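structure04.cif (mmCIF, N, CA and C atoms and all ligand atoms) appears below.
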```cif
data_structure
#
loop_
_atom_site.label_atom_id
_atom_site.label_comp_id
_atom_site.auth_asym_id
_atom_site.auth_seq_id
_atom_site.Cartn_x
_atom_site.Cartn_y
_atom_site.Cartn_z
N MET A 103 14.55 13.64 -25.61
CA MET A 103 13.31 13.62 -24.83
C MET A 103 13.24 12.36 -23.98
N GLU A 104 12.86 12.56 -22.73
CA GLU A 104 12.81 11.41 -21.85
C GLU A 104 11.38 11.01 -21.54
N TYR A 105 11.18 9.72 -21.45
CA TYR A 105 9.86 9.18 -21.15
C TYR A 105 9.93 8.36 -19.89
N LYS A 106 8.78 8.17 -19.29
CA LYS A 106 8.69 7.31 -18.13
C LYS A 106 8.02 6.01 -18.53
N GLU A 107 8.36 4.95 -17.84
CA GLU A 107 7.75 3.65 -18.10
C GLU A 107 6.22 3.78 -18.10
N GLY A 108 5.61 3.29 -19.16
CA GLY A 108 4.15 3.31 -19.23
C GLY A 108 3.57 4.59 -19.79
N GLU A 109 4.41 5.55 -20.07
CA GLU A 109 3.90 6.82 -20.56
C GLU A 109 3.31 6.67 -21.96
N LEU A 110 2.18 7.31 -22.15
CA LEU A 110 1.49 7.22 -23.44
C LEU A 110 1.89 8.36 -24.35
N ILE A 111 2.05 8.02 -25.61
CA ILE A 111 2.20 9.07 -26.59
C ILE A 111 1.27 8.75 -27.75
N LYS A 112 0.90 9.76 -28.48
CA LYS A 112 0.07 9.53 -29.66
C LYS A 112 0.82 10.09 -30.85
N GLU A 113 1.16 9.22 -31.77
CA GLU A 113 1.93 9.63 -32.91
C GLU A 113 1.21 9.23 -34.18
N ASP A 114 0.99 10.20 -35.04
CA ASP A 114 0.26 9.94 -36.29
C ASP A 114 -1.06 9.24 -36.02
N GLY A 115 -1.70 9.60 -34.92
CA GLY A 115 -3.00 9.03 -34.61
C GLY A 115 -2.95 7.65 -33.98
N HIS A 116 -1.74 7.16 -33.70
CA HIS A 116 -1.61 5.84 -33.11
C HIS A 116 -1.04 5.94 -31.70
N TRP A 117 -1.72 5.32 -30.76
CA TRP A 117 -1.25 5.31 -29.39
C TRP A 117 -0.09 4.33 -29.25
N MET A 118 0.90 4.77 -28.47
CA MET A 118 2.00 3.89 -28.12
C MET A 118 2.30 4.11 -26.64
N TRP A 119 2.85 3.11 -26.02
CA TRP A 119 3.29 3.32 -24.63
C TRP A 119 4.76 2.95 -24.52
N TYR A 120 5.41 3.71 -23.68
CA TYR A 120 6.85 3.57 -23.53
C TYR A 120 7.17 2.45 -22.56
N HIS A 121 8.14 1.64 -22.92
CA HIS A 121 8.47 0.48 -22.11
C HIS A 121 9.98 0.27 -22.08
N VAL A 122 10.48 0.12 -20.87
CA VAL A 122 11.88 -0.27 -20.72
C VAL A 122 11.87 -1.76 -20.39
N CYS A 123 12.38 -2.54 -21.32
CA CYS A 123 12.25 -3.99 -21.19
C CYS A 123 13.42 -4.61 -20.43
N PRO A 124 13.12 -5.33 -19.35
CA PRO A 124 14.18 -5.98 -18.57
C PRO A 124 14.76 -7.19 -19.29
N VAL A 125 14.01 -7.75 -20.22
CA VAL A 125 14.48 -8.93 -20.96
C VAL A 125 15.37 -8.52 -22.12
N GLU A 126 14.86 -7.60 -22.91
CA GLU A 126 15.60 -7.15 -24.08
C GLU A 126 16.65 -6.11 -23.72
N LYS A 127 16.54 -5.56 -22.50
CA LYS A 127 17.50 -4.57 -22.02
C LYS A 127 17.59 -3.36 -22.95
N THR A 128 16.45 -2.92 -23.37
CA THR A 128 16.41 -1.71 -24.17
C THR A 128 15.05 -1.04 -23.96
N ASP A 129 14.91 0.14 -24.48
CA ASP A 129 13.62 0.79 -24.38
C ASP A 129 12.95 0.80 -25.74
N MET A 130 11.62 0.87 -25.71
CA MET A 130 10.87 0.76 -26.95
C MET A 130 9.48 1.35 -26.75
N PHE A 131 8.81 1.53 -27.86
CA PHE A 131 7.40 1.90 -27.79
C PHE A 131 6.57 0.71 -28.25
N VAL A 132 5.56 0.40 -27.46
CA VAL A 132 4.69 -0.73 -27.76
C VAL A 132 3.33 -0.19 -28.17
N GLY A 133 2.74 -0.80 -29.16
CA GLY A 133 1.44 -0.36 -29.66
C GLY A 133 0.37 -0.44 -28.59
N LYS A 134 -0.64 0.38 -28.72
CA LYS A 134 -1.71 0.44 -27.73
C LYS A 134 -2.37 -0.93 -27.57
N GLY A 135 -2.67 -1.28 -26.33
CA GLY A 135 -3.35 -2.52 -26.06
C GLY A 135 -2.51 -3.75 -26.29
N GLU A 136 -1.26 -3.57 -26.66
CA GLU A 136 -0.40 -4.72 -26.90
C GLU A 136 0.56 -4.90 -25.74
N GLU A 137 0.97 -6.13 -25.55
CA GLU A 137 1.95 -6.38 -24.51
C GLU A 137 3.32 -6.52 -25.15
N CYS A 138 4.34 -6.37 -24.32
CA CYS A 138 5.70 -6.49 -24.81
C CYS A 138 5.94 -7.92 -25.31
N SER A 139 6.46 -8.04 -26.51
CA SER A 139 6.66 -9.37 -27.08
C SER A 139 7.87 -10.07 -26.47
N TRP A 140 8.64 -9.36 -25.66
CA TRP A 140 9.82 -9.96 -25.03
C TRP A 140 9.49 -10.46 -23.63
N CYS A 141 8.93 -9.60 -22.80
CA CYS A 141 8.72 -9.97 -21.40
C CYS A 141 7.24 -10.09 -21.04
N GLY A 142 6.34 -9.73 -21.97
CA GLY A 142 4.91 -9.90 -21.71
C GLY A 142 4.30 -8.79 -20.87
N ALA A 143 5.07 -7.72 -20.64
CA ALA A 143 4.53 -6.61 -19.86
C ALA A 143 3.33 -5.99 -20.58
N GLU A 144 2.38 -5.58 -19.79
CA GLU A 144 1.21 -4.92 -20.34
C GLU A 144 1.25 -3.44 -19.96
N PRO A 145 0.50 -2.62 -20.70
CA PRO A 145 0.48 -1.19 -20.36
C PRO A 145 0.00 -1.00 -18.93
N PRO A 146 0.75 -0.30 -18.11
CA PRO A 146 0.35 -0.05 -16.72
C PRO A 146 -0.83 0.89 -16.68
N LEU A 147 -1.97 0.33 -16.36
CA LEU A 147 -3.22 1.10 -16.44
C LEU A 147 -3.30 2.22 -15.43
N HIS A 148 -2.61 2.07 -14.31
CA HIS A 148 -2.69 3.15 -13.32
C HIS A 148 -2.05 4.42 -13.88
N ILE A 149 -1.08 4.24 -14.75
CA ILE A 149 -0.46 5.41 -15.35
C ILE A 149 -1.35 5.97 -16.46
N ILE A 150 -1.93 5.07 -17.24
CA ILE A 150 -2.85 5.51 -18.29
C ILE A 150 -3.99 6.32 -17.69
N ARG A 151 -4.50 5.84 -16.56
CA ARG A 151 -5.63 6.51 -15.94
C ARG A 151 -5.29 7.93 -15.50
N ASN A 152 -4.02 8.16 -15.23
CA ASN A 152 -3.63 9.48 -14.77
C ASN A 152 -3.38 10.47 -15.90
N THR A 153 -3.41 10.00 -17.11
CA THR A 153 -3.17 10.93 -18.20
C THR A 153 -4.45 11.65 -18.57
N LYS A 154 -4.31 12.83 -19.05
CA LYS A 154 -5.49 13.60 -19.42
C LYS A 154 -6.17 13.01 -20.66
N ASP A 155 -5.46 12.16 -21.38
CA ASP A 155 -6.02 11.60 -22.59
C ASP A 155 -6.66 10.23 -22.38
N VAL A 156 -6.84 9.87 -21.12
CA VAL A 156 -7.30 8.51 -20.84
C VAL A 156 -8.64 8.20 -21.50
N GLN A 157 -9.56 9.12 -21.45
CA GLN A 157 -10.88 8.85 -22.02
C GLN A 157 -10.79 8.61 -23.52
N GLN A 158 -10.00 9.43 -24.19
CA GLN A 158 -9.83 9.26 -25.62
C GLN A 158 -9.11 7.96 -25.93
N TYR A 159 -8.15 7.62 -25.08
CA TYR A 159 -7.40 6.38 -25.26
C TYR A 159 -8.33 5.18 -25.20
N LEU A 160 -9.15 5.13 -24.16
CA LEU A 160 -10.06 4.00 -23.98
C LEU A 160 -11.09 3.94 -25.10
N LYS A 161 -11.52 5.11 -25.55
CA LYS A 161 -12.48 5.17 -26.65
C LYS A 161 -11.85 4.58 -27.91
N ASP A 162 -10.63 4.99 -28.19
CA ASP A 162 -9.92 4.47 -29.35
C ASP A 162 -9.72 2.97 -29.23
N MET A 163 -9.42 2.52 -28.02
CA MET A 163 -9.20 1.10 -27.80
C MET A 163 -10.44 0.30 -28.16
N LYS A 164 -11.58 0.79 -27.73
CA LYS A 164 -12.83 0.06 -27.97
C LYS A 164 -13.18 0.05 -29.45
N GLN A 165 -12.92 1.16 -30.09
CA GLN A 165 -13.26 1.26 -31.50
C GLN A 165 -12.35 0.42 -32.37
N GLU A 166 -11.07 0.44 -32.04
CA GLU A 166 -10.10 -0.18 -32.93
C GLU A 166 -9.67 -1.57 -32.49
N ASN A 167 -9.93 -1.92 -31.27
CA ASN A 167 -9.49 -3.21 -30.78
C ASN A 167 -10.53 -3.78 -29.81
N ALA A 168 -11.52 -4.39 -30.40
CA ALA A 168 -12.64 -4.88 -29.61
C ALA A 168 -12.22 -5.97 -28.63
N HIS A 169 -11.07 -6.57 -28.86
CA HIS A 169 -10.63 -7.67 -28.02
C HIS A 169 -9.70 -7.21 -26.91
N ALA A 170 -9.52 -5.92 -26.81
CA ALA A 170 -8.62 -5.41 -25.78
C ALA A 170 -9.13 -5.79 -24.40
N LYS A 171 -8.19 -6.09 -23.52
CA LYS A 171 -8.57 -6.53 -22.19
C LYS A 171 -8.69 -5.35 -21.24
N ILE A 172 -8.52 -4.17 -21.76
CA ILE A 172 -8.60 -2.98 -20.93
C ILE A 172 -9.99 -2.85 -20.29
N GLN A 173 -9.99 -2.66 -19.01
CA GLN A 173 -11.25 -2.41 -18.32
C GLN A 173 -11.09 -1.22 -17.39
N VAL A 174 -12.06 -0.38 -17.40
CA VAL A 174 -11.98 0.82 -16.57
C VAL A 174 -12.56 0.53 -15.19
ZN ZN B 1 9.38 -6.04 -22.17
#
```

Could I get this structure in the form of structure tokens?
Amino acid sequence: MEYKEGELIKEDGHWMWYHVCPVEKTDMFVGKGEECSWCGAEPPLHIIRNTKDVQQYLKDMKQENAHAKIQV
């Protein structure tokens, strides 16, 4: 299965976003609202906004991570 940079998936109720890291030179899934611990990349919000699950994503973010910097 192929993913695009920034693509969101929800697995076992946990949001993750797909990231191809230029520093680590590998691909990985990063937890919701978290930045890449290698290069500091943040979830690309323009892609999140285009997903049909964006509203649920933001709702989950607010509930589970009050310190998230996500702003709509
Ligand atoms: Zn990275």

Q) Which protein, DNA or RNA residues have an atom within 9 Å of ligand ZN 1 (chain B), counting only C-alpha atoms and all ligand atoms, as a count of residues only? A) 18

**Q.** Atomic distance atom CA of Lys106 of chain A - atom C of Lys164 of chain A, expressed in Å with one decimal
**A.**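 Pair atom CA of Lys106 of chain A / atom C of Lys164 of chain A returns 25.7 Å.
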
Q: Quick one: pull the distance between atom N of Gly135 of chain A and atom N of Leu110 of chain A, Å, one decimal.
A: 10.7 Å

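For the residues A:Tyr120, A:Glu136, A:Phe131, A:Asp162, ranking by smallest atom-to-atom distance to Tyr105 of chain A using all atoms listed in the file places A:Tyr120 first.
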
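For the pair atom C of Trp119 of chain A and atom C of Val132 of chain A, the interatomic distance is 5.0 Å.
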